[in-house]
Every structure is written in structure tokens, then in C-alpha cells.
Amino acid sequence: MSSDPSAPQPSPYGVLICGHGSRNRLAVEEFERLALGLRRRLSPIPVEHGFLEFANPILGDGLDRLREQGVERVLAIPAMLFAAGHAKNDIPSVLNTYSAETGLEIDYGRELGVDRLMIAAAGARIQEALDANPSVPLSETMLVVVGRGSSDPDANSNVAKVARMLVEGFGFGWGETVYSGVTFPLVEPGLRHVVRLGFKRIIVFPYFLFSGVLVTRIRQHSERVANDHPEVEFLHASYLGDHSRVQDTFVERVDEVLGGETAMNCSLCKYRAQVLGFETEVGLAQASHHHHVEGLTDGCDLCERECTGACQPDGVPIPLGGGHPSPTHGDHIHAHDHDHGHHPYPHAEHPLGPSTLRARRVDSKTDAPES
């Protein structure tokens, strides 16, 4: 330690923001911008960040940097909207392994979750879309919230709760929840169902933190439905990004860890309780399935900045004008296979679910699944 009393003194604790990572450069830049904002807000507390996969620095690198600054206790905050497999298993596994190998004390905070600040941020993004197109009354407008989608019903149900809070908060005529993958209903089949309700306007809001192929595909699937229903006005609200209320939520999570409140709500966690339909997953070992892609940075160079979907297995963005990809290529919206050895999702063959988008399509004329 420096003998100069004016020199900065090592902090007894530091903060690690734990991100998922992405091949999409814009998404990584957005996350880094959020981390920079938090570093400024939490100064002089050291703040570093790391990714679980497909980007550098990895979580271990962020922890190394904190140790180099003399940090003896780390407050790790998962940059996850809801607690599913990444927040419950993958990130804790990496942190526990690092702690066991180095002796560094790591306290793990909870996910962003269903929070008044996050709902305020979501409301601000929706209001931006409304302000740009104020012509249709709220009572004749439907809000469709798009969640990431998970094999964990606890996380999926939280998206639905956020959607309901927004619908009641604004006073929309109706609200629905769809998902970008893994579970059901997926974006396009979900929208083809809700468009029958007859609302003049539908706002599609991706409840995502950052950009990426999934956000792009949400817009593309929405535009396919909009193209088939010109009588309905479709608006696209922006994803959350580094909105000030999102940053406020991260600061709140740090304060919670400092106050000893580190436990996430596990009352409906499929790994801890007998959740209907997921009984076989109780007590599964906590482990990360991302070691083979940790630090992998083979980023995509096909797009200038915002992802167009050209990197997908079909090799081209989703066509508009009622066109549909060949079933042989499929219309799979995942950036990569997320199985990673996870327990199989029990509803993988649901007619509005993840297998449908690859193997079958919804006919734009009849709005009914093909036989």
C-alpha cells in the first residue's frame, strides 16, 4: 500500500457486472457503454465487467482486474432481466470455481427482475413510440411484449407480469406476451393469433437489454405479419438499452448486496421446487455449459453495425412481402444452439413453439398452421 496519503487507496470491495456476451458487435458495445456508465456512477468503487460467452473480457478476466486493484470482496451482479439458467446456473458456477481457486470472496446479487425501475424504463421506451405516432387512442391499441424465452417457466412468467404492469399502467385496450425462442408462443404465430382481435394498432416491444440478432428477428417477424395485415398499424418500440432507470436498477442491486440481501426469489424455481411440468429438474447440479464458447470472439462482419440476420443458418435475412424461408433451411431465430447439455424443454414440440418456426409455417392467407 502506498505511503502517500493522497494516493488512491485500494477499495475493500469491487463490482463485477456479469453479461451474457454476443457475436453482435453493437450488442457488445451497448453493454460496455452500460458498464462505463455504472463505473462513473459507482466511483470510487472499482467496477469491471465480463461475459459468459462470445465476447471478451470473460468473467475471469474481470475478476482478475479487480484483484489487481486490491479488491478482497466482489459484488457480482448478473446483467440478466430474469433469473433463468444463465443467472441460476452458468454464472454462479463460473464465480464459484474462481472463488475456490483463488480464495476471493464473491457475493452474488440478484437479477434485474420485475422491478419498478425496470418497468419505468420499459414505459419510457413505449412512450417514445407512442409520441411518434399519437393518432390512435390507447383503448384501440394492443401492446405485445416480446420476452427472450427460456426453458424456465419462472422467467417466462415474469415477462408476462411485466407486460401486465405495462398494459394497466398505460391503459391499453389489450396486452399479450410472446417470446423470441425456446418457449411458446413465438413472435410470428403469436402475432397472427392476436391480430384477429381487431385492434387498430399493435405495439411490439422487445423486452431486451441490448441489440442483437433476436431483436432484429423480432422486427422481421413482426413486419411479415404487418405486411399481411395492412389494416392494422404496427409500431416498434425500442429495446431497453442503457436507459437511466436500467442503470438505477443495477445500482440498487449493488446496494442490496452491501445490505446483505443477496438471495433471488426461488419460490418458483424449477431447480428447487416441484413446479408443474418440470418435476424431473429438481435438484439438478449447478454447472455452466458455456466453457466451449467462453471468450470466443469470432464476431460477425456481415453487417455494418445493427444485425440484419444474415449470419443465421438460412444465410439471409427473413424475406418480407409474405415470403417464407424454405423448411429445409428453417426459420430458427437462435444465434446459436442453446442446448449446451441443458435438460430438454418439455414443450419443444408445441404447435406455437420453438420447433414450429423451423419445420412448419403459418399460412398468411388462412392464418392457420399448415398440415
# chains A, B, ... in the order shown; residues from 1 in each chain; ligands from 1

call {"tool": "residues_around", "arguments": {"residues": "stretch 9-26 of chain A", "least_positions_apart": "2", "cutoff": "6 Å", "atoms": "only C-alpha atoms", "output": "PyMOL selection string"}}
result
chain A and resi 28-29+45-55+70-79+212+299+305

call {"tool": "select_by_dssp", "arguments": {"residues": "stretch 39-176 of chain A", "states": "helix (DSSP H, G or I)", "output": "PyMOL selection string"}}
result
chain A and resi 39-42+59-68+85-102+116-132+138-140+153-170

call {"tool": "residues_around", "arguments": {"residues": "A:Gly109", "least_positions_apart": "2", "cutoff": "12 Å", "atoms": "only C-alpha atoms", "output": "PyMOL selection string"}}
result
chain A and resi 15-18+74-80+83+87-88+91-92+95+106-107+111-113+249-265

call {"tool": "write_last_selection", "arguments": {"atoms": "C-alpha atoms", "output": "PDB file, in the first residue's frame"}}
result
ATOM      1  CA  VAL A  15     -18.295  -4.720  -8.510  1.00  0.00           C
ATOM      2  CA  LEU A  16     -18.407  -7.182 -11.402  1.00  0.00           C
ATOM      3  CA  ILE A  17     -21.185  -6.765 -13.979  1.00  0.00           C
ATOM      4  CA  CYS A  18     -21.798 -10.220 -15.454  1.00  0.00           C
ATOM      5  CA  VAL A  74     -16.505  -8.810  -5.139  1.00  0.00           C
ATOM      6  CA  LEU A  75     -20.158  -7.943  -5.545  1.00  0.00           C
ATOM      7  CA  ALA A  76     -21.195  -9.783  -8.712  1.00  0.00           C
ATOM      8  CA  ILE A  77     -24.386  -8.570 -10.387  1.00  0.00           C
ATOM      9  CA  PRO A  78     -25.929 -10.622 -13.217  1.00  0.00           C
ATOM     10  CA  ALA A  79     -26.899  -8.373 -16.134  1.00  0.00           C
ATOM     11  CA  MET A  80     -29.944 -10.540 -16.756  1.00  0.00           C
ATOM     12  CA  ALA A  83     -33.396 -15.464 -13.366  1.00  0.00           C
ATOM     13  CA  ALA A  87     -28.366 -16.439 -13.792  1.00  0.00           C
ATOM     14  CA  LYS A  88     -29.175 -19.538 -11.721  1.00  0.00           C
ATOM     15  CA  ILE A  91     -22.719 -17.550 -13.962  1.00  0.00           C
ATOM     16  CA  PRO A  92     -22.718 -18.862 -10.343  1.00  0.00           C
ATOM     17  CA  LEU A  95     -17.892 -17.496  -9.972  1.00  0.00           C
ATOM     18  CA  ILE A 106     -17.616 -13.220  -4.146  1.00  0.00           C
ATOM     19  CA  ASP A 107     -21.159 -12.239  -3.176  1.00  0.00           C
ATOM     20  CA  GLU A 111     -31.117 -10.342 -11.444  1.00  0.00           C
ATOM     21  CA  LEU A 112     -32.812  -7.120 -12.556  1.00  0.00           C
ATOM     22  CA  GLY A 113     -36.184  -8.817 -12.266  1.00  0.00           C
ATOM     23  CA  THR A 249     -31.652  -0.799 -11.078  1.00  0.00           C
ATOM     24  CA  PHE A 250     -28.043  -2.014 -11.231  1.00  0.00           C
ATOM     25  CA  VAL A 251     -27.076   0.483  -8.525  1.00  0.00           C
ATOM     26  CA  GLU A 252     -29.979  -0.769  -6.433  1.00  0.00           C
ATOM     27  CA  ARG A 253     -28.756  -4.359  -6.820  1.00  0.00           C
ATOM     28  CA  VAL A 254     -25.276  -3.329  -5.600  1.00  0.00           C
ATOM     29  CA  ASP A 255     -26.838  -1.642  -2.566  1.00  0.00           C
ATOM     30  CA  GLU A 256     -28.814  -4.811  -1.844  1.00  0.00           C
ATOM     31  CA  VAL A 257     -25.672  -6.951  -1.778  1.00  0.00           C
ATOM     32  CA  LEU A 258     -23.971  -4.470   0.528  1.00  0.00           C
ATOM     33  CA  GLY A 259     -27.004  -4.684   2.798  1.00  0.00           C
ATOM     34  CA  GLY A 260     -26.883  -8.474   2.887  1.00  0.00           C
ATOM     35  CA  GLU A 261     -29.813  -9.026   0.524  1.00  0.00           C
ATOM     36  CA  THR A 262     -28.225 -11.381  -1.997  1.00  0.00           C
ATOM     37  CA  ALA A 263     -30.870 -14.073  -2.457  1.00  0.00           C
ATOM     38  CA  MET A 264     -33.075 -14.172  -5.530  1.00  0.00           C
ATOM     39  CA  ASN A 265     -36.647 -15.420  -5.184  1.00  0.00           C
TER      40      ASN A 265
END

call {"tool": "atom_distance", "arguments": {"atom1": "atom CA of A:Pro351", "atom2": "atom CA of A:Pro189"}}
result
9.2 Å

call {"tool": "atom_distance", "arguments": {"atom1": "atom CA of A:Arg33", "atom2": "atom CA of A:Ala84"}}
result
24.3 Å

call {"tool": "atom_distance", "arguments": {"atom1": "atom CA of A:Met165", "atom2": "atom CA of A:Ile119"}}
result
7.6 Å

call {"tool": "residues_around", "arguments": {"residues": "A:Arg192", "least_positions_apart": "3", "cutoff": "8 Å", "atoms": "only C-alpha atoms", "output": "number ranges by chain"}}
result
A: 188-189, 195-196, 225, 367

call {"tool": "write_last_selection", "arguments": {"atoms": "N, CA, C and O atoms", "output": "CSV table (one decimal), in the first residue's frame"}}
result
chain,number,residue,atom,x,y,z
A,188,GLU,N,-44.1,-14.7,-34.5
A,188,GLU,CA,-45.0,-14.6,-35.7
A,188,GLU,C,-46.3,-15.4,-35.4
A,188,GLU,O,-47.4,-14.8,-35.6
A,189,PRO,N,-46.3,-16.6,-35.0
A,189,PRO,CA,-47.6,-17.3,-34.7
A,189,PRO,C,-48.4,-16.6,-33.7
A,189,PRO,O,-49.6,-16.5,-33.7
A,195,VAL,N,-53.7,-10.7,-33.9
A,195,VAL,CA,-54.2,-9.7,-34.9
A,195,VAL,C,-55.7,-9.9,-35.2
A,195,VAL,O,-56.4,-9.0,-35.6
A,196,ARG,N,-56.2,-11.1,-34.9
A,196,ARG,CA,-57.6,-11.4,-35.1
A,196,ARG,C,-58.5,-10.6,-34.1
A,196,ARG,O,-59.8,-10.6,-34.4
A,225,VAL,N,-46.0,-10.2,-40.5
A,225,VAL,CA,-47.4,-10.2,-40.1
A,225,VAL,C,-48.0,-8.8,-40.6
A,225,VAL,O,-49.2,-8.8,-41.1
A,367,ASP,N,-54.2,-18.0,-41.9
A,367,ASP,CA,-53.8,-17.8,-40.5
A,367,ASP,C,-53.9,-19.1,-39.7
A,367,ASP,O,-54.1,-19.0,-38.5

call {"tool": "residues_around", "arguments": {"residues": "A:Leu352", "least_positions_apart": "4", "cutoff": "7 Å", "atoms": "only C-alpha atoms", "output": "ChimeraX atom specification"}}
result
/A:184-186,189,356

call {"tool": "closest_residue", "arguments": {"among": "A:Ile203, A:Leu143, A:Leu209, A:Ala160", "to": "A:Phe234", "atoms": "only C-alpha atoms"}}
result
A:Ile203
